[in-house]
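Structure file target.tsv (TSV, C-alpha atoms) is printed below.
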```
chain	number	residue	atom	x	y	z
B	1153	MET	CA	4.39	19.64	1.00
B	1154	GLY	CA	3.97	16.19	2.46
B	1155	PHE	CA	6.81	13.69	2.84
B	1156	GLY	CA	5.76	10.23	3.97
B	1157	ALA	CA	4.52	6.83	2.91
B	1158	LEU	CA	1.97	6.36	0.15
B	1159	ASN	CA	-0.30	3.39	0.79
B	1160	LEU	CA	-3.42	1.87	-0.68
B	1161	ASP	CA	-5.74	1.20	2.28
B	1162	ARG	CA	-8.00	-1.83	2.24
B	1163	LEU	CA	-10.41	-1.51	5.16
B	1164	TYR	CA	-12.42	-4.45	6.44
B	1165	TRP	CA	-15.45	-3.78	8.66
B	1166	VAL	CA	-15.56	-6.56	11.25
B	1167	ASN	CA	-17.82	-7.52	14.13
B	1168	LYS	CA	-14.86	-7.01	16.49
B	1169	ILE	CA	-11.09	-6.62	16.45
B	1170	ALA	CA	-9.88	-10.16	17.04
B	1171	GLY	CA	-7.29	-10.76	19.75
B	1172	GLU	CA	-4.90	-13.66	20.16
B	1173	ASP	CA	-6.59	-17.02	19.37
B	1174	GLU	CA	-9.88	-15.23	18.61
B	1175	GLU	CA	-11.97	-15.16	15.44
B	1176	ALA	CA	-14.02	-12.36	13.91
B	1177	TYR	CA	-15.94	-11.97	10.67
B	1178	ILE	CA	-15.96	-9.35	7.90
B	1179	THR	CA	-19.13	-7.39	7.18
B	1180	ASN	CA	-17.91	-4.97	4.49
B	1181	ILE	CA	-14.81	-3.92	2.53
B	1182	HIS	CA	-13.67	-0.46	1.44
B	1183	GLU	CA	-10.57	0.39	-0.61
B	1184	SER	CA	-9.11	3.89	-0.61
B	1185	CYS	CA	-5.88	5.77	-1.14
B	1186	GLY	CA	-3.97	6.61	2.01
B	1187	GLY	CA	-0.73	7.33	3.76
B	1188	SER	CA	-0.76	9.71	6.72
B	1189	ALA	CA	1.06	12.63	5.08
B	1190	ALA	CA	-0.95	12.17	1.87
B	1191	ASN	CA	-4.22	12.32	3.80
B	1192	THR	CA	-3.17	15.58	5.44
B	1193	ILE	CA	-1.96	17.11	2.18
B	1194	ILE	CA	-5.23	16.19	0.45
B	1195	GLY	CA	-7.07	17.82	3.34
B	1196	LEU	CA	-5.04	21.00	2.83
B	1197	ALA	CA	-5.65	20.90	-0.93
B	1198	ARG	CA	-9.40	20.72	-0.34
B	1199	LEU	CA	-9.07	23.77	1.90
B	1200	GLY	CA	-7.62	25.70	-1.02
B	1201	LEU	CA	-3.87	25.61	-0.37
B	1202	THR	CA	-1.27	24.89	-3.04
B	1203	THR	CA	0.18	21.48	-2.17
B	1204	GLY	CA	2.75	18.95	-3.34
B	1205	PHE	CA	4.00	15.55	-2.28
B	1206	LEU	CA	7.30	13.73	-1.91
B	1207	GLY	CA	7.13	9.94	-1.83
B	1208	LYS	CA	7.58	6.73	-3.82
B	1209	ILE	CA	5.33	4.26	-5.61
B	1210	ALA	CA	5.84	1.25	-7.87
B	1211	SER	CA	4.58	0.79	-11.43
B	1212	ASP	CA	1.67	-1.36	-10.32
B	1213	ARG	CA	-2.10	-1.01	-9.96
B	1214	GLN	CA	-1.80	0.39	-6.44
B	1215	GLY	CA	0.82	2.94	-7.45
B	1216	ASN	CA	-1.23	4.16	-10.39
B	1217	LEU	CA	-4.28	4.58	-8.17
B	1218	LEU	CA	-2.27	6.51	-5.57
B	1219	LEU	CA	-0.76	8.83	-8.16
B	1220	GLU	CA	-4.08	9.46	-9.91
B	1221	ASN	CA	-5.79	10.15	-6.60
B	1222	LEU	CA	-3.28	12.87	-5.68
B	1223	ARG	CA	-3.66	14.45	-9.11
B	1224	ASN	CA	-7.45	14.37	-8.90
B	1225	GLU	CA	-7.25	16.18	-5.56
B	1226	GLY	CA	-5.12	18.94	-7.09
B	1227	VAL	CA	-1.87	17.89	-5.39
B	1228	ASP	CA	1.31	18.52	-7.39
B	1229	THR	CA	2.91	15.08	-7.97
B	1230	ARG	CA	6.27	16.07	-9.47
B	1231	GLY	CA	7.92	14.90	-6.25
B	1232	VAL	CA	6.46	11.40	-6.44
B	1233	ILE	CA	9.15	8.90	-7.50
B	1234	LYS	CA	7.94	6.00	-9.65
B	1235	ASP	CA	9.92	2.76	-9.37
B	1236	PRO	CA	9.65	0.45	-12.41
B	1237	SER	CA	9.87	-2.58	-10.13
B	1238	GLY	CA	8.82	-3.58	-6.63
B	1239	ARG	CA	5.39	-3.06	-5.08
B	1240	SER	CA	3.59	0.00	-3.77
B	1241	GLY	CA	2.70	0.34	-0.10
B	1242	ASN	CA	-0.43	-1.30	1.26
B	1243	VAL	CA	-2.32	-1.16	4.54
B	1244	GLN	CA	-4.78	-3.79	5.71
B	1245	GLY	CA	-7.15	-2.23	8.24
B	1246	PHE	CA	-9.85	-3.74	10.44
B	1247	VAL	CA	-12.62	-1.47	11.76
B	1248	ASP	CA	-15.08	-2.51	14.49
B	1249	PRO	CA	-18.71	-1.29	14.92
B	1250	HIS	CA	-17.48	1.54	17.19
B	1251	GLY	CA	-15.12	2.90	14.54
B	1252	GLN	CA	-11.98	1.66	16.30
B	1253	ARG	CA	-9.30	0.07	14.14
B	1254	ALA	CA	-6.22	-2.14	13.84
B	1255	LEU	CA	-3.78	-1.60	10.95
B	1256	TYR	CA	-1.12	-3.78	9.31
B	1257	VAL	CA	1.39	-2.02	7.04
B	1258	ASP	CA	3.23	-3.47	4.04
B	1259	PRO	CA	5.65	-0.62	3.15
B	1260	GLY	CA	6.85	-1.83	-0.26
B	1261	VAL	CA	8.95	0.80	-2.10
B	1262	ASN	CA	8.10	3.46	0.50
B	1263	ASP	CA	11.22	2.31	2.33
B	1264	GLU	CA	13.49	2.42	-0.71
B	1265	ILE	CA	13.74	6.20	-1.14
B	1266	THR	CA	17.24	7.65	-1.53
B	1267	LEU	CA	18.33	11.28	-1.34
B	1268	SER	CA	19.71	11.13	-4.88
B	1269	GLU	CA	16.18	10.44	-6.20
B	1270	ILE	CA	14.77	13.62	-4.67
B	1271	ASN	CA	14.64	16.79	-6.77
B	1272	GLN	CA	16.09	19.48	-4.52
B	1273	ASP	CA	14.65	22.25	-6.71
B	1274	TYR	CA	11.19	20.84	-6.03
B	1275	LEU	CA	11.74	21.37	-2.30
B	1276	SER	CA	13.11	24.88	-2.57
B	1277	ASN	CA	9.83	26.78	-2.82
B	1278	THR	CA	7.79	25.10	-0.10
B	1279	ARG	CA	6.63	27.10	2.91
B	1280	LEU	CA	5.98	24.05	5.09
B	1281	ILE	CA	6.98	20.39	4.89
B	1282	HIS	CA	4.88	17.86	6.81
B	1283	LEU	CA	6.57	14.60	7.82
B	1284	THR	CA	4.97	11.29	8.79
B	1285	SER	CA	6.46	7.89	9.50
B	1286	PHE	CA	8.08	5.25	7.36
B	1287	VAL	CA	8.47	1.66	8.56
B	1288	GLY	CA	12.16	1.37	7.65
B	1289	GLU	CA	15.21	3.34	6.54
B	1290	SER	CA	13.45	6.22	4.77
B	1291	LEU	CA	13.45	7.97	8.17
B	1292	HIS	CA	17.13	8.71	7.55
B	1293	VAL	CA	16.31	10.22	4.15
B	1294	GLN	CA	13.90	12.56	5.93
B	1295	GLU	CA	16.78	13.57	8.21
B	1296	GLU	CA	18.97	14.22	5.16
B	1297	VAL	CA	16.26	16.28	3.48
B	1298	LEU	CA	15.88	18.47	6.56
B	1299	ASP	CA	19.62	19.16	6.40
B	1300	THR	CA	19.26	20.47	2.85
B	1301	ILE	CA	16.21	22.74	3.13
B	1302	SER	CA	16.21	26.39	4.16
B	1303	SER	CA	15.83	27.28	7.83
B	1304	GLN	CA	12.88	29.43	6.70
B	1305	VAL	CA	10.85	26.32	5.88
B	1306	THR	CA	8.47	25.33	8.68
B	1307	VAL	CA	8.64	21.62	9.56
B	1308	SER	CA	5.62	19.84	11.03
B	1309	MET	CA	5.65	16.18	12.02
B	1310	ASP	CA	3.14	13.55	13.08
B	1311	PRO	CA	5.32	10.66	14.30
B	1312	GLY	CA	2.56	8.05	14.45
B	1313	MET	CA	3.00	4.89	16.50
B	1314	ILE	CA	5.98	3.71	14.43
B	1315	TYR	CA	8.21	6.71	15.14
B	1316	ALA	CA	6.90	7.33	18.66
B	1317	SER	CA	7.76	3.76	19.71
B	1318	LYS	CA	11.44	4.44	18.90
B	1319	GLY	CA	11.67	6.84	21.86
B	1320	LEU	CA	13.33	10.24	22.12
B	1321	LYS	CA	16.97	9.41	21.36
B	1322	PRO	CA	16.52	7.83	17.88
B	1323	MET	CA	14.15	10.67	17.00
B	1324	GLU	CA	16.38	13.50	18.22
B	1325	LYS	CA	17.55	14.64	14.79
B	1326	LEU	CA	14.01	14.94	13.40
B	1327	LEU	CA	12.65	16.50	16.59
B	1328	SER	CA	15.39	19.12	16.73
B	1329	ARG	CA	14.32	20.44	13.30
B	1330	THR	CA	10.57	20.12	13.94
B	1331	ASP	CA	8.64	23.35	14.55
B	1332	ILE	CA	5.16	21.82	14.98
B	1333	LEU	CA	4.76	18.37	16.56
B	1334	LEU	CA	1.34	16.75	16.29
B	1335	LEU	CA	0.85	13.48	18.17
B	1336	ASN	CA	-1.80	11.65	20.16
B	1337	GLN	CA	-1.84	10.70	23.83
B	1338	LYS	CA	-0.57	7.16	23.29
B	1339	GLU	CA	2.25	8.38	21.08
B	1340	LEU	CA	3.25	10.87	23.79
B	1341	GLU	CA	3.53	7.97	26.25
B	1342	LEU	CA	5.56	5.86	23.80
B	1343	LEU	CA	7.93	8.69	22.95
B	1344	THR	CA	8.67	9.54	26.61
B	1345	PRO	CA	8.29	6.25	28.57
B	1346	ALA	CA	10.91	7.11	31.20
B	1347	ILE	CA	9.19	10.37	32.17
B	1348	ASN	CA	6.29	10.13	34.62
B	1349	ARG	CA	4.40	13.43	34.76
B	1350	GLU	CA	2.65	14.70	31.64
B	1351	LYS	CA	3.98	18.22	32.21
B	1352	ASP	CA	7.51	16.84	32.23
B	1353	LYS	CA	6.82	14.84	29.06
B	1354	ILE	CA	5.66	18.01	27.34
B	1355	ASN	CA	8.68	19.98	28.57
B	1356	ALA	CA	11.03	17.24	27.36
B	1357	LEU	CA	9.64	17.65	23.84
B	1358	LEU	CA	9.65	21.44	23.96
B	1359	ASP	CA	13.30	21.29	25.06
B	1360	HIS	CA	14.12	19.94	21.59
B	1361	GLY	CA	13.22	23.35	20.16
B	1362	ILE	CA	9.65	22.49	19.15
B	1363	GLU	CA	7.61	25.68	18.98
B	1364	ILE	CA	4.09	24.24	18.86
B	1365	LEU	CA	3.07	20.95	20.47
B	1366	VAL	CA	-0.36	19.43	19.84
B	1367	ILE	CA	-1.59	16.39	21.78
B	1368	LYS	CA	-4.65	14.86	20.14
B	1369	GLN	CA	-6.96	13.08	22.60
B	1370	GLY	CA	-9.58	11.54	20.31
B	1371	GLU	CA	-13.19	12.11	21.31
B	1372	LYS	CA	-12.07	14.32	24.22
B	1373	GLY	CA	-10.42	16.96	22.06
B	1374	CYS	CA	-6.85	18.27	21.97
B	1375	LEU	CA	-4.26	20.10	24.05
B	1376	VAL	CA	-2.08	22.65	22.25
B	1377	ASN	CA	1.01	24.44	23.58
B	1378	GLU	CA	3.09	27.32	22.25
B	1379	GLY	CA	5.60	28.77	24.68
B	1380	GLU	CA	3.70	29.82	27.79
B	1381	GLU	CA	0.36	29.66	25.96
B	1382	SER	CA	-1.71	26.50	26.41
B	1383	HIS	CA	-5.29	25.63	25.43
B	1384	PHE	CA	-7.54	22.59	25.63
B	1385	HIS	CA	-10.26	22.24	22.99
B	1386	GLU	CA	-13.15	19.82	23.21
B	1387	ALA	CA	-13.92	17.68	20.17
B	1388	PHE	CA	-17.08	18.12	18.11
B	1389	GLN	CA	-19.63	15.48	19.10
B	1390	VAL	CA	-20.64	13.47	16.02
B	1391	ASP	CA	-21.49	9.88	15.16
B	1392	CYS	CA	-18.21	8.11	14.41
B	1393	ARG	CA	-18.44	5.72	11.49
B	1394	ASP	CA	-14.71	5.15	11.03
B	1395	SER	CA	-11.80	6.72	12.95
B	1396	THR	CA	-9.31	6.00	10.17
B	1397	GLY	CA	-7.49	9.20	9.25
B	1398	ALA	CA	-8.97	11.29	12.07
B	1399	GLY	CA	-5.55	12.45	13.25
B	1400	ASP	CA	-4.46	13.25	9.69
B	1401	ALA	CA	-7.64	15.26	9.17
B	1402	PHE	CA	-7.00	17.19	12.38
B	1403	ASN	CA	-3.50	17.94	11.14
B	1404	ALA	CA	-4.91	19.37	7.91
B	1405	GLY	CA	-7.26	21.69	9.76
B	1406	PHE	CA	-4.65	22.77	12.28
B	1407	LEU	CA	-1.95	23.41	9.66
B	1408	TYR	CA	-4.45	25.31	7.51
B	1409	GLY	CA	-5.18	27.60	10.46
B	1410	TYR	CA	-1.49	28.02	11.22
B	1411	LEU	CA	-0.58	28.86	7.62
B	1412	ARG	CA	-3.42	31.38	7.52
B	1413	GLY	CA	-2.08	33.06	10.66
B	1414	LYS	CA	-5.08	32.21	12.85
B	1415	GLY	CA	-3.12	31.33	16.01
B	1416	ILE	CA	-3.02	28.05	17.91
B	1417	GLU	CA	-6.42	28.36	19.60
B	1418	LYS	CA	-8.41	28.87	16.41
B	1419	SER	CA	-6.21	26.43	14.49
B	1420	ALA	CA	-6.99	23.72	17.04
B	1421	HIS	CA	-10.70	24.46	16.66
B	1422	ILE	CA	-10.48	24.11	12.89
B	1423	GLY	CA	-8.51	20.88	13.34
B	1424	ASN	CA	-11.25	19.43	15.54
B	1425	TYR	CA	-13.89	20.39	12.99
B	1426	VAL	CA	-12.08	18.82	10.03
B	1427	ALA	CA	-11.50	15.63	12.06
B	1428	SER	CA	-15.19	15.48	12.99
B	1429	ARG	CA	-16.18	15.59	9.31
B	1430	CYS	CA	-13.66	12.87	8.48
B	1431	ILE	CA	-14.90	10.27	10.99
B	1432	MET	CA	-18.49	10.55	9.78
B	1433	MET	CA	-17.48	8.82	6.51
B	1434	PRO	CA	-15.58	5.60	5.77
B	1435	GLY	CA	-11.89	5.83	4.95
B	1436	ALA	CA	-9.38	8.57	5.57
B	1437	ILE	CA	-10.31	11.14	2.92
B	1438	ASP	CA	-13.96	10.70	1.88
B	1439	GLY	CA	-15.21	13.00	4.63
B	1440	LEU	CA	-12.54	15.71	4.37
B	1441	PRO	CA	-14.37	19.03	3.91
B	1442	SER	CA	-13.78	21.72	1.33
B	1443	LEU	CA	-13.19	25.35	2.29
B	1444	SER	CA	-16.70	26.22	1.07
B	1445	GLN	CA	-18.15	23.68	3.53
B	1446	ILE	CA	-16.31	25.33	6.40
B	1447	ILE	CA	-17.42	28.79	5.30
B	1448	SER	CA	-21.03	27.65	5.01
B	1449	SER	CA	-21.00	25.82	8.36
B	1450	ASP	CA	-22.91	27.02	11.39
B	1451	HIS	CA	-19.67	27.56	13.31
B	1452	ASN	CA	-18.77	31.22	12.83
B	1453	GLU	CA	-15.61	30.77	14.88
B	1454	LEU	CA	-14.16	28.60	12.10
B	1455	LYS	CA	-14.23	31.36	9.50
```

Have the structure of the file written as structure tokens, please.
Amino acid sequence: MGFGALNLDRLYWVNKIAGEDEEAYITNIHESCGGSAANTIIGLARLGLTTGFLGKIASDRQGNLLLENLRNEGVDTRGVIKDPSGRSGNVQGFVDPHGQRALYVDPGVNDEITLSEINQDYLSNTRLIHLTSFVGESLHVQEEVLDTISSQVTVSMDPGMIYASKGLKPMEKLLSRTDILLLNQKELELLTPAINREKDKINALLDHGIEILVIKQGEKGCLVNEGEESHFHEAFQVDCRDSTGAGDAFNAGFLYGYLRGKGIEKSAHIGNYVASRCIMMPGAIDGLPSLSQIISSDHNELK
């Protein structure tokens, strides 16, 4: 089950990402359904797992599109709260010719979730809950939800830039209940700015009780740690059309491997493969592969 923001992504292809006092021009526009946790859950659904989602939308065009998209992907939507007023979340994204991006988030009703709105029975049967960031106070609702669920439920989290920039202390409650932490290199730096050596940064996170730590390094690959076991996996070399959702796609592949008992090394490999398929297509979900595509791939080690 995913628990995070639901956003409608409007991506603008531009000649460059404009800096301060600079101008750029738009070459194309692409609209798609997004939200980091939703992207990962859709990726897991395409890989054949039974999935659900916990989040909030408004009764507007964007909300209807987001809800219908989850349903079309086979995701159970009984946990999606529909607000009769307000506006659904939106993201304005700008993608340059190299596939790099800049994102601006309008959270809307994503940040108006309350614990009383959440159906506790809906949470009771999940094997894993995957958390991603909210802009505002819904972080505290995530903390409350983690207090209510069984200790047998595995918790994975991708903090994103928003949560990572808060630093370790404001994130302590979420981190202490997180079993699998998936973040990128920049987020690692933001989360542990007072710690100099990377090994010490990693140990500081593991000291919170995290069992598996994954550091995604983009086109280089990923580093994954579990106890004394550590592996680095190179990324698949493909033509990147759009990096939007690459980390979410990796999460889907990695969590699929974990839930299928494949171990961290093979799970990381599957994560890299799913991410490589994602970035070859525009948007966060268009390129996400199905299980049949993985089975029919030339990479026997994925199967």

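The interatomic distance for the pair atom CA of B:Val1297 and atom CA of B:Ile1367 works out to 25.6 Å.
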
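As for atom CA of B:Gly1409 and atom CA of B:Ile1422, they are spaced 6.8 Å apart.
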
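With atom CA of B:Val1426 on one side and atom CA of B:His1383 on the other, the separation reads 18.2 Å.
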
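Restricting the calculation to only C-alpha atoms, the smallest distance between B:Ala1401 and any of B:Asp1310, B:Asp1161, B:Asp1228, B:Asp1273 is found for B:Asp1310.
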
Output as AutoDock Vina command-line options the centre and edge lengths (Å, one decimal) of the box along x, y and z of the file that holds every listed atom of stretch 1406-1409 of chain B after adding 8 Å on each side.
```
--center_x -3.6 --center_y 25.2 --center_z 9.9 --size_x 19.2 --size_y 20.8 --size_z 20.8
```

Item to check | Closest of B:Glu1378, B:Glu1264, B:Asp1359, B:Glu1339 to B:Lys1208 - atom-to-atom distances counting only C-alpha atoms | outcome: B:Glu1264

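In this comparison, which uses all atoms listed in the file, the residue of B:Leu1443, B:Ser1302, B:Gly1226, B:Leu1217 approaching B:Ser1276 most closely is B:Ser1302.
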
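Within 9 Å of B:Ile1265, once all atoms listed in the file are used and residues closer than 4 positions along the same chain are dropped, the contacting residues are Gly1207, Lys1208, Ile1233, Val1261, Glu1269, Ile1270, Glu1289, Ser1290 and Val1293 of chain B.
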
For those residues, write C-alpha atoms to a file as a compact mmCIF listing (two decimals), in the frame of the given file.
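What landed in out-v2.txt:
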```txt
# COMPACT_ATOMS: atom_id res chain seq x y z
CA GLY B 1207 7.13 9.94 -1.83
CA LYS B 1208 7.58 6.73 -3.82
CA ILE B 1233 9.15 8.90 -7.50
CA VAL B 1261 8.95 0.80 -2.10
CA GLU B 1269 16.18 10.44 -6.20
CA ILE B 1270 14.77 13.62 -4.67
CA GLU B 1289 15.21 3.34 6.54
CA SER B 1290 13.45 6.22 4.77
CA VAL B 1293 16.31 10.22 4.15
```

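You can rank B:Val1243, B:Ala1197, B:Leu1222, B:Ala1157 by their closest distance to B:Leu1291 using all atoms listed in the file, and at the top of that list sits B:Ala1157.
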
Checklist entry - Do you know which residues are at most 10 Å from B:His1292 counting all atoms listed in the file, after dropping those on the same chain fewer than 5 positions away, and could you put them as JSON, numbers by chain? => result {"B": [1265, 1266, 1267, 1286, 1297, 1298, 1325, 1326]}

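Distance annotation: of B:Leu1219, B:Leu1357, B:Ile1332, B:Ile1416, the residue with the minimal separation from B:Thr1344 is B:Leu1357; atom set is all atoms listed in the file.
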
Using only C-alpha atoms, I'd like a table of the residues in stretch 1186-1279 of chain B that come within 9 Å of stretch 1395-1400 of chain B; for each, show the closest atom pair and its distance in Å rounded to one decimal, ordered by chain and ascending number, as a Markdown table.
```
| residue | atom | partner | partner_atom | distance |
| --- | --- | --- | --- | --- |
| B:Gly1186 | CA | B:Gly1397 | CA | 8.5 |
| B:Gly1187 | CA | B:Gly1397 | CA | 8.9 |
| B:Ser1188 | CA | B:Asp1400 | CA | 5.9 |
| B:Ala1189 | CA | B:Asp1400 | CA | 7.2 |
| B:Ala1190 | CA | B:Asp1400 | CA | 8.6 |
| B:Asn1191 | CA | B:Asp1400 | CA | 6.0 |
| B:Thr1192 | CA | B:Asp1400 | CA | 5.0 |
| B:Ile1193 | CA | B:Asp1400 | CA | 8.8 |
| B:Gly1195 | CA | B:Asp1400 | CA | 8.2 |
| B:Gly1245 | CA | B:Thr1396 | CA | 8.7 |
| B:Val1247 | CA | B:Ser1395 | CA | 8.3 |
| B:His1250 | CA | B:Ser1395 | CA | 8.8 |
| B:Gly1251 | CA | B:Ser1395 | CA | 5.3 |
| B:Gln1252 | CA | B:Ser1395 | CA | 6.1 |
| B:Arg1253 | CA | B:Thr1396 | CA | 7.1 |
```

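Of the residues under consideration (B:Gly1154, B:Gly1439, B:Gly1171, B:Gly1415), B:Gly1171 shows the shortest atom-to-atom contact distance to B:Phe1246 when counting only C-alpha atoms.
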
Atoms added to stretch 1311-1337 of chain B (N, CA and C atoms), reported as a PDB file, in the frame of the given file:
```pdb
ATOM      1  N   PRO B1311       4.452  11.839  14.259  1.00  0.00           N
ATOM      2  CA  PRO B1311       5.320  10.660  14.300  1.00  0.00           C
ATOM      3  C   PRO B1311       4.580   9.338  14.143  1.00  0.00           C
ATOM      4  N   GLY B1312       3.287   9.309  14.491  1.00  0.00           N
ATOM      5  CA  GLY B1312       2.560   8.050  14.450  1.00  0.00           C
ATOM      6  C   GLY B1312       3.151   7.059  15.451  1.00  0.00           C
ATOM      7  N   MET B1313       2.554   5.902  15.544  1.00  0.00           N
ATOM      8  CA  MET B1313       3.000   4.890  16.500  1.00  0.00           C
ATOM      9  C   MET B1313       4.394   4.377  16.164  1.00  0.00           C
ATOM     10  N   ILE B1314       4.705   4.302  14.855  1.00  0.00           N
ATOM     11  CA  ILE B1314       5.980   3.710  14.430  1.00  0.00           C
ATOM     12  C   ILE B1314       7.160   4.542  14.925  1.00  0.00           C
ATOM     13  N   TYR B1315       7.112   5.859  14.685  1.00  0.00           N
ATOM     14  CA  TYR B1315       8.210   6.710  15.140  1.00  0.00           C
ATOM     15  C   TYR B1315       8.179   6.911  16.646  1.00  0.00           C
ATOM     16  N   ALA B1316       6.993   7.076  17.212  1.00  0.00           N
ATOM     17  CA  ALA B1316       6.900   7.330  18.660  1.00  0.00           C
ATOM     18  C   ALA B1316       7.476   6.166  19.457  1.00  0.00           C
ATOM     19  N   SER B1317       7.280   4.935  18.974  1.00  0.00           N
ATOM     20  CA  SER B1317       7.760   3.760  19.710  1.00  0.00           C
ATOM     21  C   SER B1317       9.281   3.658  19.722  1.00  0.00           C
ATOM     22  N   LYS B1318       9.968   4.441  18.899  1.00  0.00           N
ATOM     23  CA  LYS B1318      11.440   4.440  18.900  1.00  0.00           C
ATOM     24  C   LYS B1318      11.994   5.160  20.115  1.00  0.00           C
ATOM     25  N   GLY B1319      11.206   6.062  20.720  1.00  0.00           N
ATOM     26  CA  GLY B1319      11.670   6.840  21.860  1.00  0.00           C
ATOM     27  C   GLY B1319      12.383   8.107  21.429  1.00  0.00           C
ATOM     28  N   LEU B1320      12.785   8.913  22.399  1.00  0.00           N
ATOM     29  CA  LEU B1320      13.330  10.240  22.120  1.00  0.00           C
ATOM     30  C   LEU B1320      14.689  10.211  21.423  1.00  0.00           C
ATOM     31  N   LYS B1321      15.600   9.348  21.874  1.00  0.00           N
ATOM     32  CA  LYS B1321      16.970   9.410  21.360  1.00  0.00           C
ATOM     33  C   LYS B1321      17.058   9.134  19.865  1.00  0.00           C
ATOM     34  N   PRO B1322      16.443   8.053  19.325  1.00  0.00           N
ATOM     35  CA  PRO B1322      16.520   7.830  17.880  1.00  0.00           C
ATOM     36  C   PRO B1322      15.803   8.901  17.056  1.00  0.00           C
ATOM     37  N   MET B1323      14.925   9.651  17.705  1.00  0.00           N
ATOM     38  CA  MET B1323      14.150  10.670  17.000  1.00  0.00           C
ATOM     39  C   MET B1323      14.724  12.079  17.171  1.00  0.00           C
ATOM     40  N   GLU B1324      15.853  12.188  17.869  1.00  0.00           N
ATOM     41  CA  GLU B1324      16.380  13.500  18.220  1.00  0.00           C
ATOM     42  C   GLU B1324      16.639  14.396  17.015  1.00  0.00           C
ATOM     43  N   LYS B1325      17.194  13.818  15.951  1.00  0.00           N
ATOM     44  CA  LYS B1325      17.550  14.640  14.790  1.00  0.00           C
ATOM     45  C   LYS B1325      16.315  15.231  14.131  1.00  0.00           C
ATOM     46  N   LEU B1326      15.256  14.425  13.978  1.00  0.00           N
ATOM     47  CA  LEU B1326      14.010  14.940  13.400  1.00  0.00           C
ATOM     48  C   LEU B1326      13.353  15.943  14.340  1.00  0.00           C
ATOM     49  N   LEU B1327      13.307  15.616  15.625  1.00  0.00           N
ATOM     50  CA  LEU B1327      12.650  16.500  16.590  1.00  0.00           C
ATOM     51  C   LEU B1327      13.340  17.850  16.683  1.00  0.00           C
ATOM     52  N   SER B1328      14.660  17.865  16.580  1.00  0.00           N
ATOM     53  CA  SER B1328      15.390  19.120  16.730  1.00  0.00           C
ATOM     54  C   SER B1328      15.137  20.087  15.577  1.00  0.00           C
ATOM     55  N   ARG B1329      14.632  19.565  14.448  1.00  0.00           N
ATOM     56  CA  ARG B1329      14.320  20.440  13.300  1.00  0.00           C
ATOM     57  C   ARG B1329      12.808  20.631  13.133  1.00  0.00           C
ATOM     58  N   THR B1330      12.017  20.030  14.032  1.00  0.00           N
ATOM     59  CA  THR B1330      10.570  20.120  13.940  1.00  0.00           C
ATOM     60  C   THR B1330      10.063  21.376  14.650  1.00  0.00           C
ATOM     61  N   ASP B1331       9.244  22.149  13.958  1.00  0.00           N
ATOM     62  CA  ASP B1331       8.640  23.350  14.550  1.00  0.00           C
ATOM     63  C   ASP B1331       7.286  23.033  15.176  1.00  0.00           C
ATOM     64  N   ILE B1332       6.503  22.162  14.511  1.00  0.00           N
ATOM     65  CA  ILE B1332       5.160  21.820  14.980  1.00  0.00           C
ATOM     66  C   ILE B1332       5.081  20.307  15.104  1.00  0.00           C
ATOM     67  N   LEU B1333       4.876  19.815  16.324  1.00  0.00           N
ATOM     68  CA  LEU B1333       4.760  18.370  16.560  1.00  0.00           C
ATOM     69  C   LEU B1333       3.311  18.047  16.902  1.00  0.00           C
ATOM     70  N   LEU B1334       2.730  17.141  16.110  1.00  0.00           N
ATOM     71  CA  LEU B1334       1.340  16.750  16.290  1.00  0.00           C
ATOM     72  C   LEU B1334       1.311  15.256  16.596  1.00  0.00           C
ATOM     73  N   LEU B1335       0.884  14.890  17.799  1.00  0.00           N
ATOM     74  CA  LEU B1335       0.850  13.480  18.170  1.00  0.00           C
ATOM     75  C   LEU B1335      -0.337  13.231  19.080  1.00  0.00           C
ATOM     76  N   ASN B1336      -0.676  11.950  19.270  1.00  0.00           N
ATOM     77  CA  ASN B1336      -1.800  11.650  20.160  1.00  0.00           C
ATOM     78  C   ASN B1336      -1.279  11.222  21.533  1.00  0.00           C
ATOM     79  N   GLN B1337      -2.205  10.982  22.447  1.00  0.00           N
ATOM     80  CA  GLN B1337      -1.840  10.700  23.830  1.00  0.00           C
ATOM     81  C   GLN B1337      -0.984   9.444  23.957  1.00  0.00           C
TER      82      GLN B1337
END
```
